[in-house]
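Q: I am sharing target36.cif, which consists of mmCIF, C-alpha atoms and all ligand atoms:
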data_entry
loop_
_atom_site.label_atom_id
_atom_site.label_comp_id
_atom_site.auth_asym_id
_atom_site.auth_seq_id
_atom_site.Cartn_x
_atom_site.Cartn_y
_atom_site.Cartn_z
CA MET A 1 125.13 -1.53 170.67
CA ALA A 2 127.28 -2.67 173.55
CA GLN A 3 129.07 0.64 173.31
CA THR A 4 125.95 2.66 174.01
CA THR A 5 125.24 0.88 177.26
CA GLU A 6 128.83 1.31 178.27
CA THR A 7 128.86 5.08 177.81
CA LEU A 8 125.49 5.66 179.44
CA PRO A 9 126.52 5.54 183.13
CA GLU A 10 129.41 7.90 182.47
CA LYS A 11 127.08 10.42 180.89
CA VAL A 12 124.87 10.32 183.97
CA LYS A 13 127.91 10.85 186.15
CA ALA A 14 128.98 13.87 184.15
CA LEU A 15 125.58 15.46 184.66
CA ASP A 16 125.68 14.80 188.39
CA ASP A 17 128.96 16.61 188.86
CA ALA A 18 128.02 19.46 186.58
CA ASP A 19 124.70 19.86 188.41
CA ALA A 20 126.35 19.92 191.82
CA VAL A 21 128.72 22.63 190.67
CA GLU A 22 126.03 24.48 188.79
CA ALA A 23 124.09 24.86 192.04
CA VAL A 24 127.03 26.66 193.66
CA LEU A 25 127.69 28.73 190.56
CA SER A 26 124.11 29.99 190.47
CA GLU A 27 124.30 30.80 194.19
CA LEU A 28 127.40 32.78 193.34
CA ASP A 29 125.49 34.62 190.60
CA GLU A 30 122.51 35.36 192.81
CA GLU A 31 124.24 36.29 196.04
CA LEU A 32 127.07 38.31 194.60
CA VAL A 33 126.58 41.58 192.78
CA GLY A 34 128.87 42.29 189.80
CA LEU A 35 132.26 40.51 189.80
CA ASP A 36 131.64 39.26 186.26
CA PRO A 37 135.30 38.49 185.46
CA VAL A 38 135.62 36.54 188.72
CA LYS A 39 132.43 34.58 188.08
CA GLU A 40 133.63 33.79 184.56
CA ARG A 41 137.02 32.54 185.72
CA ILE A 42 135.38 30.35 188.37
CA ARG A 43 133.08 28.89 185.73
CA GLU A 44 136.10 28.08 183.55
CA MET A 45 137.91 26.49 186.47
CA ALA A 46 134.85 24.47 187.41
CA ALA A 47 134.54 23.18 183.85
CA LEU A 48 138.19 22.17 183.85
CA LEU A 49 137.76 20.33 187.13
CA VAL A 50 134.61 18.48 186.07
CA ILE A 51 136.25 17.30 182.86
CA ASP A 52 139.52 16.46 184.60
CA LYS A 53 137.67 14.32 187.08
CA LEU A 54 135.80 12.53 184.30
CA ARG A 55 139.05 11.88 182.46
CA ARG A 56 140.51 10.35 185.56
CA GLU A 57 137.45 8.19 186.07
CA ALA A 58 137.64 7.10 182.43
CA GLY A 59 141.24 6.04 183.00
CA LEU A 60 142.61 8.77 180.76
CA GLU A 61 145.89 10.54 181.37
CA SER A 62 145.28 13.24 183.93
CA SER A 63 147.43 14.92 186.49
CA ARG A 64 145.57 16.72 189.23
CA PRO A 65 145.42 20.32 188.04
CA SER A 66 147.24 22.80 190.22
CA LEU A 67 144.62 24.61 192.25
CA HIS A 68 146.55 27.23 194.18
CA MET A 69 145.21 30.69 193.43
CA THR A 70 145.59 34.38 194.00
CA PHE A 71 142.64 36.61 194.79
CA THR A 72 143.75 40.18 194.22
CA GLY A 73 141.72 43.32 194.73
CA ASN A 74 141.02 46.14 197.12
CA PRO A 75 139.56 45.54 200.59
CA GLY A 76 135.88 44.65 200.63
CA THR A 77 135.69 43.49 197.02
CA GLY A 78 134.50 39.98 197.90
CA LYS A 79 137.68 37.89 198.14
CA THR A 80 136.88 36.18 201.43
CA THR A 81 133.28 35.64 200.39
CA VAL A 82 134.29 34.04 197.10
CA ALA A 83 136.88 31.85 198.85
CA LEU A 84 134.02 30.19 200.75
CA LYS A 85 132.18 29.49 197.50
CA MET A 86 135.36 28.21 195.91
CA ALA A 87 135.85 25.78 198.79
CA GLU A 88 132.30 24.56 198.24
CA ILE A 89 132.95 23.92 194.55
CA LEU A 90 136.26 22.15 195.19
CA HIS A 91 134.59 20.02 197.81
CA ARG A 92 131.62 19.04 195.65
CA LEU A 93 134.01 17.90 192.98
CA GLY A 94 136.00 15.87 195.47
CA TYR A 95 139.18 17.97 195.26
CA ILE A 96 139.15 18.75 198.97
CA PRO A 97 137.61 16.51 201.64
CA LYS A 98 136.00 19.41 203.53
CA PRO A 99 134.41 22.65 202.26
CA LYS A 100 136.34 24.68 204.83
CA VAL A 101 138.42 27.83 204.63
CA VAL A 102 141.07 28.57 207.23
CA SER A 103 141.80 32.27 206.98
CA VAL A 104 145.12 33.57 208.31
CA THR A 105 147.50 36.52 208.14
CA ARG A 106 151.22 36.82 208.69
CA ASP A 107 150.81 36.90 212.46
CA ASP A 108 149.28 33.42 212.46
CA LEU A 109 152.19 31.99 210.50
CA VAL A 110 155.28 33.83 211.69
CA GLY A 111 156.69 33.81 215.22
CA GLN A 112 158.46 36.59 217.07
CA TYR A 113 161.43 34.53 218.16
CA VAL A 114 163.79 32.05 216.67
CA GLY A 115 162.24 28.59 216.47
CA HIS A 116 158.65 29.81 216.74
CA THR A 117 157.83 30.17 213.06
CA ALA A 118 158.03 26.59 211.85
CA PRO A 119 155.65 25.23 214.52
CA LYS A 120 153.22 28.10 213.95
CA THR A 121 153.16 27.59 210.20
CA ARG A 122 152.87 23.83 210.56
CA ASP A 123 150.01 24.22 213.00
CA VAL A 124 148.10 26.41 210.53
CA LEU A 125 148.79 23.91 207.75
CA LYS A 126 147.49 21.12 209.92
CA ARG A 127 144.29 23.04 210.60
CA ALA A 128 143.81 23.84 206.91
CA LYS A 129 144.59 20.36 205.67
CA GLY A 130 141.73 18.95 203.65
CA GLY A 131 140.41 22.41 202.81
CA VAL A 132 141.43 25.86 201.66
CA LEU A 133 144.15 27.91 203.33
CA PHE A 134 143.38 31.59 202.72
CA ILE A 135 146.40 33.81 203.43
CA ASP A 136 145.27 37.42 203.60
CA GLU A 137 147.86 39.99 202.55
CA ALA A 138 150.26 37.15 201.84
CA TYR A 139 153.02 39.54 200.72
CA TYR A 140 153.62 40.58 204.33
CA LEU A 141 155.36 37.24 204.74
CA TYR A 142 158.24 38.74 202.81
CA ARG A 143 160.05 41.67 204.38
CA PRO A 144 163.26 42.23 202.47
CA GLU A 145 164.08 45.34 204.54
CA ASN A 146 164.59 43.09 207.54
CA GLU A 147 167.40 40.67 206.76
CA ARG A 148 166.61 38.27 209.58
CA ASP A 149 162.86 38.27 209.14
CA TYR A 150 161.22 34.96 210.05
CA GLY A 151 158.65 35.35 207.27
CA GLN A 152 161.07 33.71 204.87
CA GLU A 153 161.03 30.56 206.97
CA SER A 154 157.27 30.40 206.69
CA ILE A 155 157.44 30.93 202.92
CA GLU A 156 159.87 28.00 202.58
CA ILE A 157 157.51 25.67 204.42
CA LEU A 158 154.51 26.86 202.44
CA LEU A 159 156.39 26.36 199.17
CA GLN A 160 157.20 22.81 200.09
CA VAL A 161 153.68 21.96 201.20
CA MET A 162 152.11 23.63 198.16
CA GLU A 163 154.14 21.25 196.05
CA THR A 164 153.96 18.00 198.02
CA GLU A 165 150.51 18.16 199.57
CA ARG A 166 148.68 19.29 196.49
CA ASP A 167 146.17 16.51 196.99
CA ASP A 168 144.50 17.82 200.08
CA LEU A 169 145.30 21.48 200.44
CA VAL A 170 144.48 24.45 198.25
CA VAL A 171 146.23 27.72 199.05
CA VAL A 172 144.66 31.08 198.17
CA LEU A 173 146.95 34.10 198.43
CA ALA A 174 144.93 37.28 198.78
CA GLY A 175 145.69 40.99 198.80
CA TYR A 176 146.32 44.10 196.76
CA LYS A 177 147.27 43.41 193.14
CA ASP A 178 150.38 45.59 192.96
CA ARG A 179 151.86 44.24 196.19
CA MET A 180 151.15 40.67 195.10
CA ASP A 181 152.96 41.29 191.80
CA THR A 182 155.98 42.63 193.66
CA PHE A 183 155.87 39.65 196.03
CA PHE A 184 155.95 37.20 193.13
CA ARG A 185 158.83 39.04 191.48
CA SER A 186 160.87 38.58 194.67
CA ASN A 187 159.57 35.05 195.29
CA PRO A 188 159.34 33.39 191.88
CA GLY A 189 158.92 29.98 193.53
CA MET A 190 155.67 31.17 195.03
CA GLY A 191 154.47 32.67 191.76
CA SER A 192 155.22 29.50 189.83
CA ARG A 193 153.11 27.38 192.17
CA VAL A 194 150.03 29.48 191.62
CA ALA A 195 148.09 28.57 188.50
CA HIS A 196 145.01 30.73 188.77
CA HIS A 197 144.88 34.47 189.24
CA LEU A 198 141.52 36.00 189.97
CA HIS A 199 141.30 39.76 190.11
CA PHE A 200 138.42 41.38 191.94
CA PRO A 201 137.52 44.72 190.36
CA ASP A 202 136.30 47.69 192.40
CA PHE A 203 132.53 47.95 192.60
CA THR A 204 130.82 50.88 190.89
CA VAL A 205 128.45 53.12 192.87
CA ASP A 206 125.49 51.33 191.22
CA GLU A 207 126.84 47.96 192.31
CA LEU A 208 127.38 49.26 195.83
CA VAL A 209 123.75 50.39 195.99
CA GLN A 210 122.71 46.91 194.81
CA ILE A 211 124.92 45.34 197.47
CA ALA A 212 123.27 47.56 200.07
CA ASP A 213 119.80 46.47 198.92
CA LEU A 214 120.89 42.84 199.06
CA MET A 215 122.32 43.16 202.58
CA MET A 216 119.25 45.07 203.76
CA GLY A 217 116.98 42.35 202.39
CA GLN A 218 118.99 39.64 204.12
CA GLN A 219 118.53 41.50 207.41
CA GLN A 220 114.86 42.23 206.73
CA TYR A 221 115.22 45.96 206.38
CA GLU A 222 114.12 48.19 203.52
CA PHE A 223 115.13 51.61 202.28
CA GLU A 224 112.40 54.14 201.75
CA ASP A 225 112.85 55.58 198.25
CA GLU A 226 114.37 58.81 199.57
CA ALA A 227 116.58 56.74 201.83
CA ARG A 228 118.00 54.84 198.89
CA ASP A 229 118.77 58.16 197.16
CA ALA A 230 120.42 59.36 200.36
CA PHE A 231 122.41 56.15 200.57
CA ARG A 232 123.63 56.58 196.99
CA GLU A 233 124.73 60.09 197.90
CA TYR A 234 126.38 58.70 201.02
CA ILE A 235 128.34 56.20 198.89
CA GLU A 236 129.38 58.89 196.41
CA ARG A 237 130.86 60.85 199.30
CA ARG A 238 132.30 57.87 201.12
CA VAL A 239 134.17 56.60 198.05
CA GLU A 240 136.18 59.80 198.05
CA ARG A 241 137.23 59.41 201.66
CA PRO A 242 140.23 57.50 203.01
CA ARG A 243 140.07 53.79 203.70
CA PHE A 244 136.93 53.15 201.74
CA ALA A 245 136.50 49.38 201.74
CA TYR A 246 133.70 48.64 199.27
CA GLY A 247 131.41 45.87 200.54
CA ARG A 248 132.71 46.18 204.08
CA SER A 249 132.07 49.92 204.22
CA ILE A 250 128.55 49.29 202.92
CA ARG A 251 127.92 46.74 205.65
CA ASN A 252 129.22 49.17 208.30
CA ALA A 253 127.15 52.04 206.93
CA ILE A 254 124.02 49.88 207.10
CA ASP A 255 124.83 48.96 210.70
CA ARG A 256 125.08 52.62 211.60
CA SER A 257 121.83 53.52 209.85
CA ARG A 258 120.15 50.72 211.82
CA MET A 259 121.45 52.35 214.99
CA ARG A 260 119.98 55.68 213.95
CA GLN A 261 116.67 54.05 213.04
CA ALA A 262 116.57 52.34 216.42
CA GLY A 263 117.29 55.64 218.18
CA ARG A 264 114.58 57.38 216.18
CA LEU A 265 111.98 54.69 216.93
CA TYR A 266 112.96 54.45 220.57
CA GLU A 267 112.41 58.17 221.05
CA ARG A 268 108.86 57.94 219.76
CA ARG A 269 107.57 55.84 222.64
CA ASP A 270 104.40 54.98 220.74
CA GLU A 271 103.13 51.89 219.03
CA LEU A 272 105.34 50.75 216.22
CA THR A 273 104.15 48.90 213.16
CA ARG A 274 106.04 46.17 211.42
CA GLU A 275 106.69 48.69 208.66
CA ASP A 276 108.26 51.09 211.14
CA LEU A 277 110.61 48.36 212.25
CA VAL A 278 111.58 47.42 208.73
CA THR A 279 111.98 50.85 207.20
CA ILE A 280 115.18 52.85 207.01
CA LYS A 281 114.36 56.50 206.32
CA ALA A 282 116.46 59.12 204.63
CA GLU A 283 117.17 60.78 207.98
CA ASP A 284 118.73 57.52 209.21
CA ILE A 285 121.28 57.92 206.43
CA ARG A 286 121.64 61.68 206.48
CA GLY A 287 122.49 61.60 210.17
CA SER A 288 125.95 60.41 209.13
CA SER A 289 128.79 62.82 209.78
CA LEU A 290 129.61 62.53 206.08
CA PHE A 291 126.70 64.89 205.42
CA SER A 292 127.59 67.45 208.08
CA ASP A 293 131.35 67.47 207.99
CA GLU A 294 132.43 68.80 204.62
CA ASP A 295 136.15 68.76 205.46
CA GLY A 296 136.14 65.05 205.96
CA GLU A 297 137.96 65.36 209.25
CA SER A 298 135.47 63.47 211.36
CA SER A 299 136.32 59.92 212.16
CA ALA A 300 132.82 58.84 213.17
CA ASP A 301 132.34 57.02 209.89
CA ASP A 302 135.81 55.59 209.60
CA ASP A 303 134.94 51.97 209.34
CA THR A 304 138.30 50.45 208.57
CA ALA A 305 141.62 50.37 210.28
CA PRO A 306 144.56 51.52 208.13
CA GLY A 307 145.85 48.81 205.85
CA ASN A 308 143.29 46.29 207.03
CA GLN A 309 142.67 43.86 204.21
CA SER A 310 140.83 41.16 206.08
N1 LIG B 1 129.77 40.96 195.07
C1 LIG B 1 129.19 41.12 196.26
N2 LIG B 1 127.86 41.12 196.40
C2 LIG B 1 127.30 41.30 197.62
N3 LIG B 1 127.98 41.46 198.76
C3 LIG B 1 129.31 41.46 198.68
C4 LIG B 1 129.99 41.27 197.44
N4 LIG B 1 131.32 41.32 197.66
C5 LIG B 1 131.48 41.50 198.98
N5 LIG B 1 130.28 41.58 199.60
C6 LIG B 1 130.09 41.81 201.03
O1 LIG B 1 131.03 42.81 201.41
C7 LIG B 1 131.67 42.47 202.63
C8 LIG B 1 133.17 42.37 202.43
O2 LIG B 1 133.47 41.28 201.58
P1 LIG B 1 134.77 40.37 201.77
O3 LIG B 1 134.54 39.11 201.01
O4 LIG B 1 135.09 40.25 203.21
O5 LIG B 1 135.85 41.26 201.02
P2 LIG B 1 137.44 41.10 201.01
O6 LIG B 1 137.77 39.73 201.54
O7 LIG B 1 137.82 41.31 199.58
O8 LIG B 1 137.97 42.20 201.89
C9 LIG B 1 131.04 41.17 203.10
O9 LIG B 1 130.04 41.53 204.01
C10 LIG B 1 130.42 40.58 201.85
O10 LIG B 1 129.28 39.84 202.16
MG MG B 2 138.89 39.39 203.23
#
Spell out the structure here as structure tokens.
Ligand SMILES: Nc1ncnc2c1ncn2[C@@H]1O[C@H](COP(=O)(O)OP(=O)(O)O)[C@@H](O)[C@H]1O
Ligand SMILES: [Mg+2]

A:
Amino acid sequence: MAQTTETLPEKVKALDDADAVEAVLSELDEELVGLDPVKERIREMAALLVIDKLRREAGLESSRPSLHMTFTGNPGTGKTTVALKMAEILHRLGYIPKPKVVSVTRDDLVGQYVGHTAPKTRDVLKRAKGGVLFIDEAYYLYRPENERDYGQESIEILLQVMETERDDLVVVLAGYKDRMDTFFRSNPGMGSRVAHHLHFPDFTVDELVQIADLMMGQQQYEFEDEARDAFREYIERRVERPRFAYGRSIRNAIDRSRMRQAGRLYERRDELTREDLVTIKAEDIRGSSLFSDEDGESSADDDTAPGNQS
């Protein structure tokens, strides 16, 4: 009998942790379209962390699991967004003291002159301490073509900190999958410190339409039915064009259709209903140069800078 009373509080504890994580996981499900493999991997990781924590609390053998990760995928596939959720999960489980993400690129870590890199990298690490350090396009730290590149110095410091300060810093290396693979081949030390690899697949056109509906709802706009059809057609065309950046391109396209709606309503100079203000019409989409310029030479709808992964 004594045993039952002894195990009871631990069971309650387990539920608490699982519930706290479950809340973030269902947010993840609701707020993010698609990304099934990513959601599944996060669920697995969360389970591991809940159980690991319980084992520790029960005095069982447990070494803190390595939490450094890669998020690979094309621009606009949700890496930054998921990093914020991941920080929330790690925080709720007590793996990081703050649910924060410090997002940086090479330029934040590497200096231009001798002696500048170490302080820059250390400053970033200090800011990220206790949370998640998200290094976008991490592979740019390594430039083998330039023998004296300072990126290597930053890598050395990161390697050391990833090993010794595992208790209060989680590093996420993000970027294109192929470049990340190449980076790890040239920097095996980096690869070996990363335990979890999450790949973010490209969204399908259907998923992109769903993302558009979700973003519109969040901003209290609605597509008219013909406008949604037009938007689907817009996406089908946009996907074929250079520098398409999935979720980010959708957000930019919505911004531009809001501009066109505003212009259209402004011109009317009559009384506007709430519905007028909320509704995006097909013409607000079809005004895009993508529908007039068949050669694809216009830059009006270029919403991303070349190579921009952020
Ligand atoms: N699965 C998704 N569901 C809904 N919106 C998404 C999803 N993935 C990304 N977004 C949106 O797309 C935009 C770009 O996402 P982001 O996380 O910055 O991509 P990445 O970091 O991979 O470039 C953001 O506005 C984000 O809210
Ligand atoms: Mg990003």

Q: Can you tell me, as a compact mmCIF listing (two decimals) with C-alpha atoms, keeping the file's coordinate frame, what residues are no more than 7 Å from segment 225-229 of chain A when counting only C-alpha atoms, ignoring any on the same chain fewer than 2 positions away?

A:
# COMPACT_ATOMS: atom_id res chain seq x y z
CA PHE A 223 115.13 51.61 202.28
CA PHE A 231 122.41 56.15 200.57
CA ARG A 232 123.63 56.58 196.99
CA GLU A 233 124.73 60.09 197.90
CA ILE A 280 115.18 52.85 207.01
CA LYS A 281 114.36 56.50 206.32
CA ALA A 282 116.46 59.12 204.63
CA ILE A 285 121.28 57.92 206.43

Q: Using only C-alpha atoms, can you tell me which of A:Val124, A:Ala18, A:Val101, A:Leu198 comes closest to Glu40 of chain A?

A: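 Among A:Val124, A:Ala18, A:Val101, A:Leu198, it is A:Leu198 that comes nearest to Glu40 of chain A.
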
Q: Of the candidates A:Leu125, A:Ala23, A:Lys39, A:Glu137, which one gets nearest to Arg92 of chain A if we count only C-alpha atoms?

A: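 For Arg92 of chain A, the nearest of the given residues is A:Ala23.
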
Q: Could you please give me, as a VMD selection string, the residues of protein, DNA or RNA lying at most 12 Å from (158.5, 33.4, 206.4) in the coordinate frame of the file, considering all atoms listed in the file?

A: chain A and resid 105 to 112 114 to 122 138 to 144 146 to 159 187 190

Q: How about saving the chosen residues, C-alpha atoms kept, as a PDB file, in the frame of the given file?

A:
ATOM      1  CA  THR A 105     147.500  36.520 208.140  1.00  0.00           C
ATOM      2  CA  ARG A 106     151.220  36.820 208.690  1.00  0.00           C
ATOM      3  CA  ASP A 107     150.810  36.900 212.460  1.00  0.00           C
ATOM      4  CA  ASP A 108     149.280  33.420 212.460  1.00  0.00           C
ATOM      5  CA  LEU A 109     152.190  31.990 210.500  1.00  0.00           C
ATOM      6  CA  VAL A 110     155.280  33.830 211.690  1.00  0.00           C
ATOM      7  CA  GLY A 111     156.690  33.810 215.220  1.00  0.00           C
ATOM      8  CA  GLN A 112     158.460  36.590 217.070  1.00  0.00           C
ATOM      9  CA  VAL A 114     163.790  32.050 216.670  1.00  0.00           C
ATOM     10  CA  GLY A 115     162.240  28.590 216.470  1.00  0.00           C
ATOM     11  CA  HIS A 116     158.650  29.810 216.740  1.00  0.00           C
ATOM     12  CA  THR A 117     157.830  30.170 213.060  1.00  0.00           C
ATOM     13  CA  ALA A 118     158.030  26.590 211.850  1.00  0.00           C
ATOM     14  CA  PRO A 119     155.650  25.230 214.520  1.00  0.00           C
ATOM     15  CA  LYS A 120     153.220  28.100 213.950  1.00  0.00           C
ATOM     16  CA  THR A 121     153.160  27.590 210.200  1.00  0.00           C
ATOM     17  CA  ARG A 122     152.870  23.830 210.560  1.00  0.00           C
ATOM     18  CA  ALA A 138     150.260  37.150 201.840  1.00  0.00           C
ATOM     19  CA  TYR A 139     153.020  39.540 200.720  1.00  0.00           C
ATOM     20  CA  TYR A 140     153.620  40.580 204.330  1.00  0.00           C
ATOM     21  CA  LEU A 141     155.360  37.240 204.740  1.00  0.00           C
ATOM     22  CA  TYR A 142     158.240  38.740 202.810  1.00  0.00           C
ATOM     23  CA  ARG A 143     160.050  41.670 204.380  1.00  0.00           C
ATOM     24  CA  PRO A 144     163.260  42.230 202.470  1.00  0.00           C
ATOM     25  CA  ASN A 146     164.590  43.090 207.540  1.00  0.00           C
ATOM     26  CA  GLU A 147     167.400  40.670 206.760  1.00  0.00           C
ATOM     27  CA  ARG A 148     166.610  38.270 209.580  1.00  0.00           C
ATOM     28  CA  ASP A 149     162.860  38.270 209.140  1.00  0.00           C
ATOM     29  CA  TYR A 150     161.220  34.960 210.050  1.00  0.00           C
ATOM     30  CA  GLY A 151     158.650  35.350 207.270  1.00  0.00           C
ATOM     31  CA  GLN A 152     161.070  33.710 204.870  1.00  0.00           C
ATOM     32  CA  GLU A 153     161.030  30.560 206.970  1.00  0.00           C
ATOM     33  CA  SER A 154     157.270  30.400 206.690  1.00  0.00           C
ATOM     34  CA  ILE A 155     157.440  30.930 202.920  1.00  0.00           C
ATOM     35  CA  GLU A 156     159.870  28.000 202.580  1.00  0.00           C
ATOM     36  CA  ILE A 157     157.510  25.670 204.420  1.00  0.00           C
ATOM     37  CA  LEU A 158     154.510  26.860 202.440  1.00  0.00           C
ATOM     38  CA  LEU A 159     156.390  26.360 199.170  1.00  0.00           C
ATOM     39  CA  ASN A 187     159.570  35.050 195.290  1.00  0.00           C
ATOM     40  CA  MET A 190     155.670  31.170 195.030  1.00  0.00           C
TER      41      MET A 190
END

Q: Which is closest to Tyr176 of chain A among A:Gln210, A:Asp284, A:Ala58, A:Asn74, if we use only C-alpha atoms?

A: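 The shortest atom-to-atom distance to Tyr176 of chain A comes from A:Asn74.
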